[in-house]
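Peer 1: First the structure, then my questions, so here it is.
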Amino acid sequence: QVQLVESGGGLVQPGGSLRLSCAASGSIFSIYQMGWYRQGPGKHRDLVALITSDDMTHYADSVQGRFTISRDNAKKTVYLQMNNLKPEDTAVYCCNLFQRGSEYWGQGTQVTVSS
């Protein structure tokens with residue numbers, strides 16, 4: 001079993017920044033991919049960013065240049081640095097881990113961008 005715990009969400013004004021963290025624990029192998037997804041009000045869950053075990057990254061077009069995903073393998077933690085936040089970034093952000101054909105999800109953390 002794998003457990004994922006997110007932290008770092010909150011309320012921020014437009015143009016502000018937040019840093020999300022997701023700590024993984026349990027049966028984690030050496031090769032795994034982690035990512036962040038988000039689901040806004042009345043919307044589907046969409047990919048925000050992902051990072052592979054060899055640090056290849058991919059971003060949604062809507063966050064390219066504003067968000068940065070990174071990982072600390074020793075801590076089994078993935079981060080999402082979010083800068084220049086916009087109201088349309090408001091969503092529940094969920095952490096995802098994919099390994100050996102299985103994927104796991106965290107409970108999510110709310111990010112609200114509003115003045």
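Ordering of the structure tokens sets the chain letters (A, B, ...), residue numbers begin anew at 1 in every chain, and ligands are numbered from 1 in the order given.
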Running DSSP on the backbone, which parts of stretch 6-95 of chain A land in strand (DSSP E or B), as JSON, numbers by chain?

Peer 2: {"A": [6, 7, 10, 11, 12, 18, 19, 20, 21, 22, 23, 24, 25, 26, 33, 34, 35, 36, 37, 38, 39, 45, 46, 47, 48, 49, 50, 51, 57, 58, 59, 67, 68, 69, 70, 71, 72, 77, 78, 79, 80, 81, 82, 91, 92, 93, 94, 95]}

Peer 1: Applying 12 Å and only C-alpha atoms, which residues near A:Ser17 remain after dropping the ones on its own chain fewer than 2 positions away? List them as a PyMOL selection string.

Peer 2: chain A and resi 8-15+19-20+66-68+80-86+89+111-113

Peer 1: Using only C-alpha atoms, what table do you get, as JSON lines, when you list each residue of stretch 18-75 of chain A with an atom no more than 12 Å from stretch 103-107 of chain A, its nearest pair of atoms, and their distance in Å rounded to one decimal, rows by chain then rising number?

Peer 2:
{"residue": "A:Ser21", "atom": "CA", "partner": "A:Gly106", "partner_atom": "CA", "distance": 11.0}
{"residue": "A:Cys22", "atom": "CA", "partner": "A:Gly106", "partner_atom": "CA", "distance": 8.1}
{"residue": "A:Ala23", "atom": "CA", "partner": "A:Gly106", "partner_atom": "CA", "distance": 9.3}
{"residue": "A:Ala24", "atom": "CA", "partner": "A:Gly106", "partner_atom": "CA", "distance": 9.1}
{"residue": "A:Ser25", "atom": "CA", "partner": "A:Tyr104", "partner_atom": "CA", "distance": 11.1}
{"residue": "A:Gly26", "atom": "CA", "partner": "A:Tyr104", "partner_atom": "CA", "distance": 11.2}
{"residue": "A:Ser27", "atom": "CA", "partner": "A:Tyr104", "partner_atom": "CA", "distance": 11.3}
{"residue": "A:Ile28", "atom": "CA", "partner": "A:Tyr104", "partner_atom": "CA", "distance": 10.8}
{"residue": "A:Tyr32", "atom": "CA", "partner": "A:Glu103", "partner_atom": "CA", "distance": 9.6}
{"residue": "A:Gln33", "atom": "CA", "partner": "A:Glu103", "partner_atom": "CA", "distance": 9.3}
{"residue": "A:Met34", "atom": "CA", "partner": "A:Glu103", "partner_atom": "CA", "distance": 9.4}
{"residue": "A:Gly35", "atom": "CA", "partner": "A:Trp105", "partner_atom": "CA", "distance": 9.7}
{"residue": "A:Trp36", "atom": "CA", "partner": "A:Trp105", "partner_atom": "CA", "distance": 9.6}
{"residue": "A:Tyr37", "atom": "CA", "partner": "A:Trp105", "partner_atom": "CA", "distance": 9.7}
{"residue": "A:Arg38", "atom": "CA", "partner": "A:Gln107", "partner_atom": "CA", "distance": 11.4}

Peer 1: With distances taken over only C-alpha atoms, which residue among A:Tyr93, A:Tyr79, A:Phe29, A:Phe98 lies nearest A:Thr52?

Peer 2: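 Using only C-alpha atoms, A:Thr52 sits closest to A:Phe98.
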
Peer 1: Give me the residues near A:Ile31 as a PyMOL selection string, where near means some atom within 9 Å (using only C-alpha atoms) and where sequence neighbours in that chain fewer than 4 positions away do not count.

Peer 2: chain A and resi 52-54+99-100

Peer 1: Identify which of the residues A:Thr109, A:Ser70, A:Ser7, A:Thr90 lies closest to A:His58, counting only C-alpha atoms when measuring atom-to-atom distances.

Peer 2: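 When distances to A:His58 are compared using only C-alpha atoms, the smallest one comes from A:Ser70.
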
Peer 1: Considering only C-alpha atoms, state which residue in the set A:Gly101, A:Gln110, A:Cys95, A:Ser30 is at the smallest distance from A:Val5.

Peer 2: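 Using only C-alpha atoms, A:Val5 sits closest to A:Cys95.
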
Peer 1: Grab the atom CA of A:Ile51 to atom CA of A:Arg71 distance for me, in Å with one decimal place.

Peer 2: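 Between these atoms lies a distance of 7.7 Å.
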